[in-house]
Structures are given as C-alpha cells and as structure tokens.
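Structure file upload36.csv (CSV, N, CA and C atoms) is printed below.
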```csv
chain,number,residue,atom,x,y,z
N,1,GLN,N,45.7,-47.3,-31.8
N,1,GLN,CA,46.8,-47.4,-30.8
N,1,GLN,C,47.2,-48.8,-30.6
N,2,VAL,N,48.5,-49.0,-30.1
N,2,VAL,CA,49.0,-50.3,-29.8
N,2,VAL,C,49.6,-50.3,-28.5
N,3,GLN,N,49.2,-51.2,-27.6
N,3,GLN,CA,49.9,-51.3,-26.3
N,3,GLN,C,50.8,-52.5,-26.4
N,4,LEU,N,52.0,-52.3,-25.8
N,4,LEU,CA,53.0,-53.3,-25.9
N,4,LEU,C,53.5,-53.6,-24.5
N,5,VAL,N,53.6,-54.9,-24.2
N,5,VAL,CA,54.1,-55.3,-22.8
N,5,VAL,C,55.2,-56.3,-23.0
N,6,GLU,N,56.4,-55.9,-22.5
N,6,GLU,CA,57.6,-56.8,-22.5
N,6,GLU,C,57.7,-57.7,-21.3
N,7,SER,N,58.3,-58.8,-21.4
N,7,SER,CA,58.7,-59.6,-20.3
N,7,SER,C,59.9,-60.5,-20.6
N,8,GLY,N,60.5,-61.1,-19.6
N,8,GLY,CA,61.6,-62.0,-19.8
N,8,GLY,C,63.0,-61.5,-19.5
N,9,GLY,N,63.1,-60.2,-19.0
N,9,GLY,CA,64.4,-59.7,-18.7
N,9,GLY,C,64.8,-60.3,-17.3
N,10,GLY,N,66.1,-60.0,-17.0
N,10,GLY,CA,66.6,-60.5,-15.7
N,10,GLY,C,68.1,-60.4,-15.7
N,11,LEU,N,68.7,-61.1,-14.7
N,11,LEU,CA,70.1,-61.1,-14.5
N,11,LEU,C,70.7,-62.5,-14.9
N,12,VAL,N,71.7,-62.4,-15.7
N,12,VAL,CA,72.3,-63.6,-16.3
N,12,VAL,C,73.8,-63.5,-16.3
N,13,GLN,N,74.5,-64.6,-16.2
N,13,GLN,CA,76.0,-64.5,-16.3
N,13,GLN,C,76.4,-64.5,-17.8
N,14,ALA,N,77.6,-63.9,-18.0
N,14,ALA,CA,78.1,-63.9,-19.4
N,14,ALA,C,78.1,-65.3,-20.0
N,15,GLY,N,77.7,-65.4,-21.2
N,15,GLY,CA,77.6,-66.7,-21.9
N,15,GLY,C,76.2,-67.3,-21.8
N,16,GLY,N,75.4,-66.7,-21.0
N,16,GLY,CA,74.1,-67.3,-20.8
N,16,GLY,C,73.1,-66.8,-21.8
N,17,SER,N,71.8,-67.2,-21.6
N,17,SER,CA,70.8,-66.9,-22.6
N,17,SER,C,69.5,-66.3,-21.9
N,18,LEU,N,68.8,-65.5,-22.6
N,18,LEU,CA,67.5,-65.1,-22.1
N,18,LEU,C,66.6,-65.0,-23.4
N,19,ARG,N,65.3,-65.1,-23.1
N,19,ARG,CA,64.3,-64.9,-24.2
N,19,ARG,C,63.3,-63.8,-23.7
N,20,LEU,N,63.3,-62.7,-24.5
N,20,LEU,CA,62.3,-61.7,-24.2
N,20,LEU,C,61.1,-61.9,-25.1
N,21,SER,N,59.9,-61.5,-24.5
N,21,SER,CA,58.7,-61.6,-25.1
N,21,SER,C,58.0,-60.2,-25.2
N,22,CYS,N,57.3,-59.9,-26.2
N,22,CYS,CA,56.5,-58.7,-26.3
N,22,CYS,C,55.1,-59.0,-26.8
N,23,ALA,N,54.1,-58.7,-26.0
N,23,ALA,CA,52.7,-58.9,-26.3
N,23,ALA,C,52.1,-57.6,-26.9
N,24,ALA,N,51.5,-57.7,-28.1
N,24,ALA,CA,50.9,-56.5,-28.7
N,24,ALA,C,49.4,-56.6,-28.5
N,25,SER,N,48.7,-55.5,-28.4
N,25,SER,CA,47.3,-55.4,-28.1
N,25,SER,C,46.4,-55.6,-29.4
N,26,ARG,N,47.1,-55.6,-30.5
N,26,ARG,CA,46.3,-55.8,-31.7
N,26,ARG,C,47.1,-56.6,-32.7
N,27,SER,N,46.5,-57.0,-33.8
N,27,SER,CA,47.2,-57.9,-34.8
N,27,SER,C,48.2,-57.1,-35.5
N,28,PHE,N,49.1,-57.8,-36.1
N,28,PHE,CA,50.2,-57.2,-36.9
N,28,PHE,C,49.8,-56.7,-38.3
N,29,PHE,N,48.5,-56.9,-38.6
N,29,PHE,CA,48.0,-56.5,-39.9
N,29,PHE,C,48.3,-55.0,-40.2
N,30,SER,N,48.1,-54.2,-39.1
N,30,SER,CA,48.3,-52.7,-39.3
N,30,SER,C,49.7,-52.3,-38.8
N,31,ILE,N,50.6,-53.2,-38.5
N,31,ILE,CA,51.9,-52.8,-38.0
N,31,ILE,C,52.9,-53.2,-39.1
N,32,ASN,N,53.7,-52.1,-39.5
N,32,ASN,CA,54.7,-52.3,-40.6
N,32,ASN,C,55.9,-53.1,-40.1
N,33,ARG,N,56.3,-52.9,-38.9
N,33,ARG,CA,57.5,-53.5,-38.4
N,33,ARG,C,57.5,-53.6,-36.9
N,34,MET,N,58.0,-54.7,-36.4
N,34,MET,CA,58.2,-54.8,-34.9
N,34,MET,C,59.7,-54.9,-34.6
N,35,GLY,N,60.1,-54.2,-33.5
N,35,GLY,CA,61.5,-54.2,-33.3
N,35,GLY,C,61.9,-54.2,-31.8
N,36,TRP,N,63.1,-54.6,-31.5
N,36,TRP,CA,63.6,-54.5,-30.1
N,36,TRP,C,64.8,-53.5,-30.1
N,37,TYR,N,64.7,-52.6,-29.1
N,37,TYR,CA,65.7,-51.6,-28.9
N,37,TYR,C,66.4,-51.8,-27.6
N,38,ARG,N,67.6,-51.3,-27.5
N,38,ARG,CA,68.3,-51.4,-26.2
N,38,ARG,C,68.8,-50.0,-25.8
N,39,GLN,N,68.7,-49.7,-24.5
N,39,GLN,CA,69.2,-48.5,-24.0
N,39,GLN,C,70.1,-48.8,-22.8
N,40,ALA,N,71.4,-48.6,-23.0
N,40,ALA,CA,72.4,-48.8,-21.9
N,40,ALA,C,72.4,-47.5,-21.1
N,41,PRO,N,72.9,-47.6,-19.8
N,41,PRO,CA,73.0,-46.4,-19.0
N,41,PRO,C,73.8,-45.3,-19.6
N,42,GLY,N,73.2,-44.1,-19.7
N,42,GLY,CA,73.9,-43.0,-20.3
N,42,GLY,C,74.0,-43.0,-21.8
N,43,LYS,N,73.4,-43.9,-22.4
N,43,LYS,CA,73.5,-44.0,-23.9
N,43,LYS,C,72.1,-43.8,-24.5
N,44,GLN,N,72.1,-43.7,-25.9
N,44,GLN,CA,70.9,-43.5,-26.6
N,44,GLN,C,70.3,-44.9,-26.8
N,45,ARG,N,69.0,-44.9,-27.2
N,45,ARG,CA,68.3,-46.1,-27.5
N,45,ARG,C,68.6,-46.5,-28.9
N,46,ASP,N,69.1,-47.7,-29.1
N,46,ASP,CA,69.5,-48.2,-30.4
N,46,ASP,C,68.8,-49.5,-30.8
N,47,LEU,N,68.6,-49.6,-32.1
N,47,LEU,CA,67.9,-50.8,-32.6
N,47,LEU,C,68.8,-52.0,-32.4
N,48,VAL,N,68.2,-53.1,-31.9
N,48,VAL,CA,68.9,-54.4,-31.8
N,48,VAL,C,68.5,-55.3,-32.9
N,49,ALA,N,67.2,-55.4,-33.1
N,49,ALA,CA,66.7,-56.4,-34.1
N,49,ALA,C,65.3,-55.9,-34.5
N,50,ALA,N,64.9,-56.2,-35.8
N,50,ALA,CA,63.6,-55.8,-36.3
N,50,ALA,C,63.1,-56.9,-37.2
N,51,ILE,N,61.8,-57.0,-37.3
N,51,ILE,CA,61.1,-58.0,-38.2
N,51,ILE,C,59.9,-57.4,-38.8
N,52,THR,N,59.7,-57.8,-40.1
N,52,THR,CA,58.4,-57.4,-40.7
N,52,THR,C,57.6,-58.7,-41.0
N,53,SER,N,56.4,-58.5,-41.6
N,53,SER,CA,55.6,-59.7,-41.7
N,53,SER,C,55.9,-60.5,-42.9
N,54,GLY,N,57.0,-60.1,-43.7
N,54,GLY,CA,57.5,-60.9,-44.8
N,54,GLY,C,57.7,-62.3,-44.7
N,55,PRO,N,58.4,-62.9,-43.7
N,55,PRO,CA,59.1,-62.0,-42.7
N,55,PRO,C,60.5,-61.7,-43.2
N,56,SER,N,60.9,-60.5,-42.9
N,56,SER,CA,62.3,-60.2,-43.1
N,56,SER,C,62.9,-59.6,-41.8
N,57,THR,N,64.1,-59.9,-41.6
N,57,THR,CA,64.7,-59.4,-40.3
N,57,THR,C,66.0,-58.7,-40.5
N,58,ASN,N,66.4,-57.8,-39.6
N,58,ASN,CA,67.7,-57.2,-39.6
N,58,ASN,C,68.1,-57.0,-38.2
N,59,TYR,N,69.5,-57.0,-38.0
N,59,TYR,CA,70.1,-57.0,-36.7
N,59,TYR,C,71.2,-56.0,-36.7
N,60,ALA,N,71.4,-55.5,-35.5
N,60,ALA,CA,72.6,-54.7,-35.2
N,60,ALA,C,73.9,-55.6,-35.4
N,61,ASP,N,74.9,-55.1,-35.9
N,61,ASP,CA,76.1,-55.9,-36.1
N,61,ASP,C,76.6,-56.6,-34.8
N,62,SER,N,76.4,-55.9,-33.7
N,62,SER,CA,76.9,-56.4,-32.5
N,62,SER,C,76.2,-57.7,-32.0
N,63,VAL,N,75.0,-57.9,-32.5
N,63,VAL,CA,74.3,-59.1,-32.0
N,63,VAL,C,74.1,-60.2,-33.1
N,64,LYS,N,74.5,-59.9,-34.3
N,64,LYS,CA,74.4,-60.9,-35.4
N,64,LYS,C,75.0,-62.2,-35.0
N,65,GLY,N,74.3,-63.3,-35.2
N,65,GLY,CA,74.7,-64.6,-34.9
N,65,GLY,C,74.5,-65.0,-33.5
N,66,ARG,N,74.1,-64.1,-32.6
N,66,ARG,CA,73.8,-64.4,-31.2
N,66,ARG,C,72.3,-64.2,-30.9
N,67,PHE,N,71.7,-63.2,-31.5
N,67,PHE,CA,70.3,-62.9,-31.2
N,67,PHE,C,69.4,-63.3,-32.4
N,68,THR,N,68.2,-63.7,-32.1
N,68,THR,CA,67.2,-64.1,-33.1
N,68,THR,C,65.8,-63.5,-32.7
N,69,ILE,N,65.3,-62.7,-33.7
N,69,ILE,CA,64.0,-62.1,-33.5
N,69,ILE,C,63.0,-63.0,-34.3
N,70,SER,N,61.8,-63.2,-33.7
N,70,SER,CA,60.7,-64.0,-34.3
N,70,SER,C,59.4,-63.4,-33.9
N,71,MET,N,58.4,-63.8,-34.7
N,71,MET,CA,57.0,-63.4,-34.4
N,71,MET,C,56.0,-64.5,-34.5
N,72,ASP,N,55.0,-64.4,-33.7
N,72,ASP,CA,53.9,-65.4,-33.8
N,72,ASP,C,52.6,-64.5,-34.0
N,73,SER,N,52.3,-64.4,-35.3
N,73,SER,CA,51.2,-63.5,-35.7
N,73,SER,C,49.8,-64.0,-35.1
N,74,ALA,N,49.7,-65.2,-34.9
N,74,ALA,CA,48.4,-65.8,-34.3
N,74,ALA,C,48.2,-65.3,-32.9
N,75,LYS,N,49.3,-65.1,-32.2
N,75,LYS,CA,49.3,-64.7,-30.8
N,75,LYS,C,49.6,-63.2,-30.6
N,76,ASN,N,49.9,-62.5,-31.6
N,76,ASN,CA,50.4,-61.1,-31.6
N,76,ASN,C,51.6,-61.0,-30.6
N,77,MET,N,52.5,-61.8,-30.8
N,77,MET,CA,53.7,-61.9,-30.0
N,77,MET,C,55.0,-61.7,-30.8
N,78,VAL,N,56.0,-61.1,-30.2
N,78,VAL,CA,57.3,-61.0,-30.8
N,78,VAL,C,58.3,-61.4,-29.8
N,79,TYR,N,59.3,-62.1,-30.2
N,79,TYR,CA,60.3,-62.7,-29.2
N,79,TYR,C,61.7,-62.2,-29.7
N,80,LEU,N,62.6,-62.2,-28.7
N,80,LEU,CA,64.0,-62.0,-28.9
N,80,LEU,C,64.8,-63.0,-28.1
N,81,GLN,N,65.3,-64.0,-28.8
N,81,GLN,CA,66.1,-65.0,-28.2
N,81,GLN,C,67.6,-64.5,-28.2
N,82,MET,N,68.1,-64.4,-27.0
N,82,MET,CA,69.5,-63.8,-26.8
N,82,MET,C,70.4,-64.9,-26.3
N,83,ASN,N,71.4,-65.3,-27.1
N,83,ASN,CA,72.4,-66.3,-26.7
N,83,ASN,C,73.7,-65.7,-26.5
N,84,SER,N,74.6,-66.4,-25.9
N,84,SER,CA,76.0,-65.9,-25.7
N,84,SER,C,76.0,-64.5,-25.2
N,85,LEU,N,75.3,-64.2,-24.2
N,85,LEU,CA,75.2,-62.8,-23.7
N,85,LEU,C,76.5,-62.3,-23.1
N,86,GLN,N,76.7,-61.0,-23.4
N,86,GLN,CA,78.0,-60.4,-22.9
N,86,GLN,C,77.6,-59.2,-22.0
N,87,PRO,N,78.5,-58.8,-21.2
N,87,PRO,CA,78.2,-57.6,-20.3
N,87,PRO,C,77.7,-56.4,-21.1
N,88,GLU,N,78.3,-56.2,-22.3
N,88,GLU,CA,77.9,-55.0,-23.1
N,88,GLU,C,76.4,-55.1,-23.6
N,89,ASP,N,75.8,-56.3,-23.4
N,89,ASP,CA,74.4,-56.4,-23.8
N,89,ASP,C,73.5,-55.9,-22.7
N,90,THR,N,74.0,-55.5,-21.6
N,90,THR,CA,73.2,-54.9,-20.5
N,90,THR,C,72.5,-53.7,-20.9
N,91,GLY,N,71.3,-53.6,-20.5
N,91,GLY,CA,70.5,-52.4,-20.7
N,91,GLY,C,69.0,-52.7,-20.6
N,92,VAL,N,68.2,-51.6,-20.8
N,92,VAL,CA,66.8,-51.8,-20.8
N,92,VAL,C,66.3,-52.1,-22.3
N,93,TYR,N,65.6,-53.1,-22.5
N,93,TYR,CA,65.2,-53.6,-23.8
N,93,TYR,C,63.7,-53.1,-24.0
N,94,TYR,N,63.5,-52.4,-25.1
N,94,TYR,CA,62.1,-51.9,-25.4
N,94,TYR,C,61.6,-52.6,-26.6
N,95,CYS,N,60.3,-52.9,-26.6
N,95,CYS,CA,59.6,-53.4,-27.8
N,95,CYS,C,59.0,-52.2,-28.5
N,96,ASN,N,59.1,-52.2,-29.8
N,96,ASN,CA,58.6,-51.1,-30.6
N,96,ASN,C,57.7,-51.6,-31.7
N,97,ALA,N,56.7,-50.9,-32.0
N,97,ALA,CA,55.8,-51.2,-33.1
N,97,ALA,C,55.8,-49.9,-34.0
N,98,HIS,N,56.2,-50.1,-35.2
N,98,HIS,CA,56.2,-49.0,-36.2
N,98,HIS,C,54.9,-49.2,-37.1
N,99,THR,N,54.0,-48.3,-36.9
N,99,THR,CA,52.7,-48.4,-37.6
N,99,THR,C,52.3,-47.3,-38.5
N,100,VAL,N,51.2,-47.3,-39.1
N,100,VAL,CA,50.8,-46.2,-40.0
N,100,VAL,C,50.4,-45.0,-39.2
N,101,TRP,N,50.2,-45.2,-37.9
N,101,TRP,CA,49.8,-44.1,-37.0
N,101,TRP,C,51.0,-43.5,-36.2
N,102,GLY,N,52.1,-44.2,-36.3
N,102,GLY,CA,53.3,-43.7,-35.6
N,102,GLY,C,54.0,-44.9,-34.9
N,103,ASP,N,54.9,-44.5,-34.0
N,103,ASP,CA,55.7,-45.5,-33.2
N,103,ASP,C,55.1,-45.6,-31.8
N,104,TYR,N,55.1,-46.9,-31.4
N,104,TYR,CA,54.6,-47.2,-30.0
N,104,TYR,C,55.7,-48.0,-29.3
N,105,TRP,N,55.7,-47.8,-28.0
N,105,TRP,CA,56.8,-48.4,-27.2
N,105,TRP,C,56.2,-49.1,-25.9
N,106,GLY,N,56.9,-50.2,-25.5
N,106,GLY,CA,56.5,-50.8,-24.3
N,106,GLY,C,57.3,-50.1,-23.2
N,107,GLN,N,57.1,-50.6,-21.9
N,107,GLN,CA,57.6,-50.0,-20.8
N,107,GLN,C,59.1,-50.4,-20.6
N,108,GLY,N,59.6,-51.4,-21.2
N,108,GLY,CA,60.9,-51.8,-21.1
N,108,GLY,C,61.1,-52.9,-20.1
N,109,THR,N,62.1,-53.8,-20.4
N,109,THR,CA,62.5,-54.8,-19.4
N,109,THR,C,64.0,-54.8,-19.3
N,110,GLN,N,64.5,-54.9,-18.0
N,110,GLN,CA,65.9,-54.8,-17.7
N,110,GLN,C,66.6,-56.1,-18.0
N,111,VAL,N,67.7,-56.0,-18.7
N,111,VAL,CA,68.6,-57.2,-18.9
N,111,VAL,C,70.0,-56.8,-18.3
N,112,THR,N,70.5,-57.6,-17.4
N,112,THR,CA,71.8,-57.3,-16.8
N,112,THR,C,72.6,-58.6,-17.0
N,113,VAL,N,73.8,-58.4,-17.6
N,113,VAL,CA,74.7,-59.5,-17.8
N,113,VAL,C,76.0,-59.3,-17.0
N,114,SER,N,76.2,-60.2,-16.1
N,114,SER,CA,77.4,-60.1,-15.2
N,114,SER,C,78.6,-60.8,-15.8
N,115,SER,N,79.8,-60.3,-15.5
N,115,SER,CA,81.0,-60.9,-16.1
N,115,SER,C,81.5,-62.0,-15.1
```
Target encoding structure tokens, full file:
Amino acid sequence: QVQLVESGGGLVQAGGSLRLSCAASRSFFSINRMGWYRQAPGKQRDLVAAITSGPSTNYADSVKGRFTISMDSAKNMVYLQMNSLQPEDTGVYYCNAHTVWGDYWGQGTQVTVSS
C-alpha cells in the first residue's frame, strides 16, 4: 500500500502561483507513475500532470506552459508548481500513485483562484 498526503493548497488571486506537495509513504521504486488530478465542483476528476521515474512528464493541454510537475525520489516527494493561475484552475487537487497493486489517492487539497 501507499499513503499519500498533499499540502500547499489555498486561496490565490488570478495570475498568482502555488506549489503543491505530495508525500508518499514508500519509495517510488514500486510506483509506475505519480500524478496530480483536479476535480472542479460538479465535474469529474481529470489528470492535470503526471511523471514517471524516467523521468518523463505529460500535462493536460489547459496547463501546459504554466504548471510543472517534479519529483524528489530521495524524499519520496512529488510537487506541482502552478504559475499564472486562473479561476478555471479552481478545484480539489489529488495526488495519485499508479502502482503494480493498483491506484492510490491522497485526501486532496483545495485550490481556489479568485478573479
């Protein structure tokens, strides 16, 4: 099993920045991919960014050029740097670990961007 704990959410004005952190309870050796998902009110949970140990990354079109996902394998941490935030980025952000045993999720952290 993998426990994930997110932090770093909050309220920010449009154009501002936030950095989300995700702490994993075990090393990334057994984790195929780490990702950040976003769920806006009344909408489904969608992938925002993902990273593998390659490392290779992929991003949702809506965040390309503004968000950066990174990992620190020595600390079992994954980060999401979010710049030029817009009101449409508002939602609960969830950390995800895709492993050989299945998918694991954190409790989520709220990000609210005011216009």
With stretch 4-26 of chain N as the partner and 6 Å as the cut-off, tabulate the residues of stretch 34-110 of chain N that qualify, each row holding the nearest pair of atoms and their distance in Å to one decimal, using all atoms listed in the file, sorted by chain and rising number, as JSON lines.
```
{"residue": "N:Asn76", "atom": "C", "partner": "N:Ala24", "partner_atom": "N", "distance": 4.1}
{"residue": "N:Met77", "atom": "CA", "partner": "N:Cys22", "partner_atom": "C", "distance": 4.5}
{"residue": "N:Val78", "atom": "C", "partner": "N:Cys22", "partner_atom": "N", "distance": 4.0}
{"residue": "N:Tyr79", "atom": "CA", "partner": "N:Leu20", "partner_atom": "C", "distance": 4.3}
{"residue": "N:Leu80", "atom": "N", "partner": "N:Leu20", "partner_atom": "C", "distance": 3.9}
{"residue": "N:Gln81", "atom": "CA", "partner": "N:Arg19", "partner_atom": "CA", "distance": 4.4}
{"residue": "N:Met82", "atom": "N", "partner": "N:Leu18", "partner_atom": "C", "distance": 3.9}
{"residue": "N:Asn83", "atom": "CA", "partner": "N:Ser17", "partner_atom": "CA", "distance": 4.4}
{"residue": "N:Ser84", "atom": "CA", "partner": "N:Gly15", "partner_atom": "C", "distance": 4.1}
{"residue": "N:Leu85", "atom": "C", "partner": "N:Gly15", "partner_atom": "N", "distance": 3.8}
{"residue": "N:Gln86", "atom": "CA", "partner": "N:Ala14", "partner_atom": "CA", "distance": 5.0}
{"residue": "N:Pro87", "atom": "N", "partner": "N:Ala14", "partner_atom": "CA", "distance": 5.4}
{"residue": "N:Trp105", "atom": "C", "partner": "N:Leu4", "partner_atom": "CA", "distance": 5.3}
{"residue": "N:Gly106", "atom": "CA", "partner": "N:Leu4", "partner_atom": "C", "distance": 4.1}
{"residue": "N:Gln107", "atom": "N", "partner": "N:Leu4", "partner_atom": "C", "distance": 5.4}
{"residue": "N:Gly108", "atom": "N", "partner": "N:Glu6", "partner_atom": "N", "distance": 5.7}
{"residue": "N:Thr109", "atom": "C", "partner": "N:Gly9", "partner_atom": "CA", "distance": 5.0}
{"residue": "N:Gln110", "atom": "C", "partner": "N:Gly10", "partner_atom": "N", "distance": 4.1}
```
Practice item. Give me, please, the distance in Å between atom CA of N:Asn32 and atom N of N:Thr112, quoted to one decimal. Key: 28.6 Å
Practice item. Please measure the separation of atom CA of N:Lys75 and atom N of N:Ser27, giving the value in Å to one decimal. Key: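 Calculated distance between atom CA of N:Lys75 and atom N of N:Ser27 is 8.7 Å.
Between atom CA of N:Ser73 and atom C of N:Glu88 there is a distance of 29.2 Å.
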Review point. Using only C-alpha atoms, which of the listed residues (N:Val100, N:Met34, N:Val2, N:Val63) sits closest to N:Ala50?
Key: N:Met34
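Nearest-residue note for N:Cys95: choosing from N:Val113, N:Gln1, N:Arg38, N:Ser30, the minimum distance belongs to N:Arg38, counting only N, CA and C atoms.
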Point to revise | N:Tyr93, N:Tyr59, N:Phe28, N:Phe67 ranked by distance to N:Leu47, top pick (using all atoms listed in the file) | key: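 Selected residue with least distance to N:Leu47: N:Tyr59.
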Residues near N:Ala40, cut-off 6.5 Å, all atoms listed in the file, skip fewer than 6 positions along chain, as a CSV table (one decimal) with N, CA and C atoms, in the frame of the given file:
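Listing of result-v2.csv after writing:
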```csv
chain,number,residue,atom,x,y,z
N,90,THR,N,74.0,-55.5,-21.6
N,90,THR,CA,73.2,-54.9,-20.5
N,90,THR,C,72.5,-53.7,-20.9
N,91,GLY,N,71.3,-53.6,-20.5
N,91,GLY,CA,70.5,-52.4,-20.7
N,91,GLY,C,69.0,-52.7,-20.6
N,92,VAL,N,68.2,-51.6,-20.8
N,92,VAL,CA,66.8,-51.8,-20.8
N,92,VAL,C,66.3,-52.1,-22.3
```
Review point. With only N, CA and C atoms as the atoms that count, which of N:Tyr104, N:Ser114, N:Ala60, N:Ser70 lies nearest to N:Asp46?
Key: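 Closest candidate: N:Ala60.
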